[in-house]
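**Student:** Here you go, one structure.
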Protein chains: 2
Amino acid sequence: MCEICGCTSPSRLAIEPRVSLLASNDEEARHLRGHFLANGVIALNLMGSPGSGKTALLEATARALTGRFELAAVSGDLATSLDAERLARAGIPALAITTGSACHLDAAMVHQALHDGPLGAAAARSDFFFIENVGNLVCPAIYDLGQKANVVVLSVTEGVDKPLKYPVMFSRADLVILTKIDLLPYLPEVSVRVIRENLARVMPAARMIQLSSTTGAGVPDFVEWLAEQAASL
Amino acid sequence: MCEICGCTSPSRLAIEPRVSLLASNDEEARHLRGHFLANGVIALNLMGSPGSGKTALLEATARALTGRFELAAVSGDLATSLDAERLARAGIPALAITTGSACHLDAAMVHQALHDGPLGAAAARSDFFFIENVGNLVCPAIYDLGQKANVVVLSVTEGVDKPLKYPVMFSRADLVILTKIDLLPYLPEVSVRVIRENLARVMPAARMIQLSSTTGAGVPDFVEWLAEQAASL
């Protein structure tokens with residue numbers, strides 16, 4: 001059992017350090033959640049494979065919002081700040097969290113990002129604070145980051161079987177965004193119906209939005225979902 | 001520092017357990033490597049994002065080989081044996097390693113798979129033993145599995161920046177297979193030249209094969225690379 005990822009493995013280690021570490025993360029996440037609530041900020045944990053289109057989704061959302069909501073973001077990345085730079089260019093105040101070789105964000109990293117520099121103030125003013133996790137369909141699902149909801153990005157080019165192969169991630173999703181639907185005409189083997197059926201097998205209240213950040217199709221549906229979240233705050 | 005993944009994180013844990021665990025994995029990997037060498041088997045650690053086309057590459061390779069080499073494989077997956085079943089249908093003796101929530105394979109898992117049932121004999125007879133890792137660009141790069149070489153699959157739909165964002169994975173690659181090149185005409189923002197330049201920044205002796213498992217383009221280049229590996233055994 002991995003003490004940080006929370007992944008299981010034929011480990012020869014005692015389980016106590018992991019329990020203690022996850023408990024410590026949960027405590028930090030509770031602290032963050034309290035801050036988000038106190039400021040009326042809806043935090044969303046945005047997860048998905050490398051290259052699934054998480055950053056592109058936020059860019060397209062910023063274009064579509066036209067001032068309706070204020071956004072802020074952190075972007076987890078092993079080595080670069082490329083995504084945070086893209087978000088900043090799209091008008092979203094954003095900070096890169098460089099994880100080194102960590103395959104996920106934890107609550108302490110997010111907390112520290114909000115304490116460093118001007119992002120904290122922008123996040124406190126925002127309606128939605130996006131936590132763009134490290135590209136990975138496994139370990140990011142384990143760590144509570146104080147978010148209100150989990151949004152999982154799945155691109156049509158990844159094939160139809162991912163919900164079955166990564167059930168922990170998809171079973172914890174509040175919303176799945178099926179991205180790159182503009183490529184569907186060139187992927188005869190990919191059936192949206194089968195993706196939906198596979199999702200329903202692991203995600204009891206499956207909710208999926210089909211979207212293309214390139215064409216803008218489906219982006220209004222995501223904006224409506226955001227509005228629902230804001231209305232239920 | 002993650003005791004199993006090897007990922008770094010602001011951990012409050014002592015470092016000893018991780019060092020001991022990686023040392024234990026290295027010992028198991030040495031044992032496996034000895035077995036592979038003694039049997040004239042070339043083991044390849046096949047890594048890449050979820051949906052990058054690892055299984056499709058092996059299916060296309062099996063079709064192209066037409067008896068030139070014998071293959072065997074294990075497929076790491078959190079919850080299903082779908083990939084191993086696809087490989088078996090493609091004529092490759094294969095066993096699924098179900099990792100539960102582990103985000104990578106370790107040497108003990110591979111060793112155990114070779115001891116369980118008939119796969120060990122098929123692997124011992126094979127020219128190439130493919131270890132298809134869990135879909136993940138982070139932690140699989142850390143664990144030695146006794147392989148001769150690392151083959152990293154990157155699909156053009158993942159965008160051009162992945163070598164920079166996941167430098168540990170790409171810096172340890174002996175070969176990168178750029179898959180799904182049949183989709184390039186529909187991805188105007190994806191430049192193979194930029195992918196190659198980004199690879200060269202993290203992979204000093206960058207070697208990349210452009211391939212489409214759908215059309216078969218580039219598969220002969222991969223077969224030639226396999227033949228080079230066999231010739232240098």
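Labels used: A, B, ... for chains in the order of the structure tokens, numbers from 1 for residues in each chain, and numbers from 1 for ligands as shown.
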Among the residues of region 10-164 of chain B, find those DSSP assigns to helix (DSSP H, G or I) from the backbone and print them as number ranges by chain.

**Tutor:** B: 16-38, 54-65, 82-89, 107-115, 119-125, 139-142, 156-158, 162-164

**Student:** If we count only C-alpha atoms, what is near Asn198 (chain B) at a cut-off of 9 Å, once residues fewer than 2 positions away on the same chain are taken out, given as a list in words?

**Tutor:**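 Close residues of Asn198 (chain B): Val160, Asp161, Lys162, Pro163, Leu164, Arg193, Val194, Ile195, Arg196, Ala200, Arg201, Val202 and Met203 of chain B.
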
**Student:** Now that the selection is made, can you save its residues with N, CA, C and O atoms as a PDB file, in the first residue's frame?

**Tutor:**
```
ATOM      1  N   VAL B 160       1.952  18.183 -28.102  1.00  0.00           N
ATOM      2  CA  VAL B 160       3.390  18.218 -28.355  1.00  0.00           C
ATOM      3  C   VAL B 160       4.246  18.347 -27.099  1.00  0.00           C
ATOM      4  O   VAL B 160       5.461  18.153 -27.139  1.00  0.00           O
ATOM      5  N   ASP B 161       3.620  18.668 -25.953  1.00  0.00           N
ATOM      6  CA  ASP B 161       4.418  19.069 -24.784  1.00  0.00           C
ATOM      7  C   ASP B 161       4.726  17.950 -23.789  1.00  0.00           C
ATOM      8  O   ASP B 161       5.398  18.187 -22.783  1.00  0.00           O
ATOM      9  N   LYS B 162       4.262  16.737 -24.052  1.00  0.00           N
ATOM     10  CA  LYS B 162       4.386  15.686 -23.041  1.00  0.00           C
ATOM     11  C   LYS B 162       5.832  15.342 -22.661  1.00  0.00           C
ATOM     12  O   LYS B 162       6.104  15.107 -21.474  1.00  0.00           O
ATOM     13  N   PRO B 163       6.796  15.327 -23.596  1.00  0.00           N
ATOM     14  CA  PRO B 163       8.177  15.039 -23.166  1.00  0.00           C
ATOM     15  C   PRO B 163       8.674  16.033 -22.116  1.00  0.00           C
ATOM     16  O   PRO B 163       9.394  15.650 -21.181  1.00  0.00           O
ATOM     17  N   LEU B 164       8.271  17.298 -22.233  1.00  0.00           N
ATOM     18  CA  LEU B 164       8.718  18.308 -21.258  1.00  0.00           C
ATOM     19  C   LEU B 164       7.990  18.145 -19.931  1.00  0.00           C
ATOM     20  O   LEU B 164       8.556  18.417 -18.871  1.00  0.00           O
ATOM     21  N   ARG B 193       7.480  17.837 -35.774  1.00  0.00           N
ATOM     22  CA  ARG B 193       8.794  18.462 -35.601  1.00  0.00           C
ATOM     23  C   ARG B 193       8.961  18.975 -34.167  1.00  0.00           C
ATOM     24  O   ARG B 193      10.002  18.791 -33.535  1.00  0.00           O
ATOM     25  N   VAL B 194       7.916  19.603 -33.626  1.00  0.00           N
ATOM     26  CA  VAL B 194       8.001  20.132 -32.260  1.00  0.00           C
ATOM     27  C   VAL B 194       8.076  18.977 -31.249  1.00  0.00           C
ATOM     28  O   VAL B 194       8.826  19.047 -30.265  1.00  0.00           O
ATOM     29  N   ILE B 195       7.329  17.909 -31.480  1.00  0.00           N
ATOM     30  CA  ILE B 195       7.429  16.739 -30.582  1.00  0.00           C
ATOM     31  C   ILE B 195       8.867  16.235 -30.579  1.00  0.00           C
ATOM     32  O   ILE B 195       9.451  15.961 -29.531  1.00  0.00           O
ATOM     33  N   ARG B 196       9.455  16.138 -31.785  1.00  0.00           N
ATOM     34  CA  ARG B 196      10.838  15.648 -31.895  1.00  0.00           C
ATOM     35  C   ARG B 196      11.802  16.577 -31.163  1.00  0.00           C
ATOM     36  O   ARG B 196      12.702  16.131 -30.444  1.00  0.00           O
ATOM     37  N   ALA B 200      14.088  15.674 -27.841  1.00  0.00           N
ATOM     38  CA  ALA B 200      15.549  15.822 -27.836  1.00  0.00           C
ATOM     39  C   ALA B 200      16.026  16.600 -26.610  1.00  0.00           C
ATOM     40  O   ALA B 200      17.163  16.408 -26.148  1.00  0.00           O
ATOM     41  N   ARG B 201      15.143  17.445 -26.065  1.00  0.00           N
ATOM     42  CA  ARG B 201      15.542  18.233 -24.884  1.00  0.00           C
ATOM     43  C   ARG B 201      15.649  17.378 -23.629  1.00  0.00           C
ATOM     44  O   ARG B 201      16.335  17.745 -22.680  1.00  0.00           O
ATOM     45  N   VAL B 202      14.931  16.249 -23.584  1.00  0.00           N
ATOM     46  CA  VAL B 202      14.970  15.414 -22.368  1.00  0.00           C
ATOM     47  C   VAL B 202      15.570  14.037 -22.613  1.00  0.00           C
ATOM     48  O   VAL B 202      15.902  13.322 -21.677  1.00  0.00           O
ATOM     49  N   MET B 203      15.714  13.657 -23.890  1.00  0.00           N
ATOM     50  CA  MET B 203      16.144  12.305 -24.252  1.00  0.00           C
ATOM     51  C   MET B 203      17.354  12.464 -25.166  1.00  0.00           C
ATOM     52  O   MET B 203      17.198  12.679 -26.364  1.00  0.00           O
TER      53      MET B 203
END
```

**Student:** Counting only C-alpha atoms, what is within 10 Å of region 80-89 of chain B, bar same-chain residues fewer than 2 positions away, as a ChimeraX atom specification?

**Tutor:** /A:161,164-167 /B:54-56,58-59,62,72-78,91-100,132

**Student:** Residues within 8 Å of Thr157 (chain B), please, as number ranges by chain. Count only C-alpha atoms; anything in the same chain fewer than 6 positions from it doesn't count.

**Tutor:** A: 51, 157; B: 180, 183, 187, 190

**Student:** Grab the residues selected above and save them as a PDB file, in the first residue's frame with N, CA and C atoms.

**Tutor:**
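Saved as part.pdb:
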```pdb
ATOM      1  N   GLY A  51      -2.765  14.800 -21.688  1.00  0.00           N
ATOM      2  CA  GLY A  51      -3.214  15.098 -23.045  1.00  0.00           C
ATOM      3  C   GLY A  51      -4.701  14.891 -23.283  1.00  0.00           C
ATOM      4  N   THR A 157     -10.254   9.886 -28.017  1.00  0.00           N
ATOM      5  CA  THR A 157      -9.116   9.158 -28.594  1.00  0.00           C
ATOM      6  C   THR A 157      -8.532   8.129 -27.637  1.00  0.00           C
TER       7      THR A 157
ATOM      8  N   LYS B 180      -0.819   6.752 -33.665  1.00  0.00           N
ATOM      9  CA  LYS B 180      -2.027   7.419 -34.195  1.00  0.00           C
ATOM     10  C   LYS B 180      -1.694   8.493 -35.219  1.00  0.00           C
ATOM     11  N   LEU B 183      -4.153  10.212 -37.555  1.00  0.00           N
ATOM     12  CA  LEU B 183      -5.025  11.330 -37.138  1.00  0.00           C
ATOM     13  C   LEU B 183      -4.370  12.702 -37.343  1.00  0.00           C
ATOM     14  N   LEU B 187      -5.383  17.203 -36.827  1.00  0.00           N
ATOM     15  CA  LEU B 187      -4.818  17.870 -35.642  1.00  0.00           C
ATOM     16  C   LEU B 187      -3.853  18.962 -36.098  1.00  0.00           C
ATOM     17  N   VAL B 190      -0.864  20.055 -33.960  1.00  0.00           N
ATOM     18  CA  VAL B 190       0.166  19.101 -33.525  1.00  0.00           C
ATOM     19  C   VAL B 190       1.258  18.999 -34.592  1.00  0.00           C
TER      20      VAL B 190
END
```

**Student:** Nearest residue to Pro140 (chain B) out of B:Arg63, B:Arg33, B:Arg207, B:His104, using only C-alpha atoms?

**Tutor:**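 Nearest candidate to Pro140 (chain B) out of B:Arg63, B:Arg33, B:Arg207, B:His104: B:His104.
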
**Student:** Please run DSSP on the backbone and report, as a VMD selection string, all residues within region 114-180 of chain B that come out as strand (DSSP E or B).

**Tutor:** chain B and resid 128 to 132 149 to 155 175 to 179

**Student:** I'd like the interatomic distance between CA of Ala121 (chain B) and CA of Asp221 (chain B), to a tenth of an Å.

**Tutor:**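 Result for CA of Ala121 (chain B) versus CA of Asp221 (chain B): 28.5 Å, one decimal.
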
**Student:** For CA of Ala230 (chain A) and CA of Met109 (chain A), determine how far apart the two atoms are, in Å to one decimal place.

**Tutor:**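 Between these atoms lies a distance of 25.3 Å.
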
**Student:** What does the structure give for the distance between CA of Ser49 (chain B) and CA of Ser49 (chain A), in Å to one decimal?

**Tutor:**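 Pair CA of Ser49 (chain B) / CA of Ser49 (chain A) returns 6.6 Å.
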
**Student:** Could you tell me which of A:Gly135, A:Gly146, A:Gly216, A:Pro118 comes closest to Ile42 (chain A) if we count only C-alpha atoms?

**Tutor:**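 The closest residue to Ile42 (chain A) is A:Gly146.
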
**Student:** Would you please work out which residue, of B:Glu224, B:Glu189, B:Asp127, B:Glu27, is nearest to chain A when using only C-alpha atoms?

**Tutor:**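 So, comparing all the options, the nearest one is B:Glu189.
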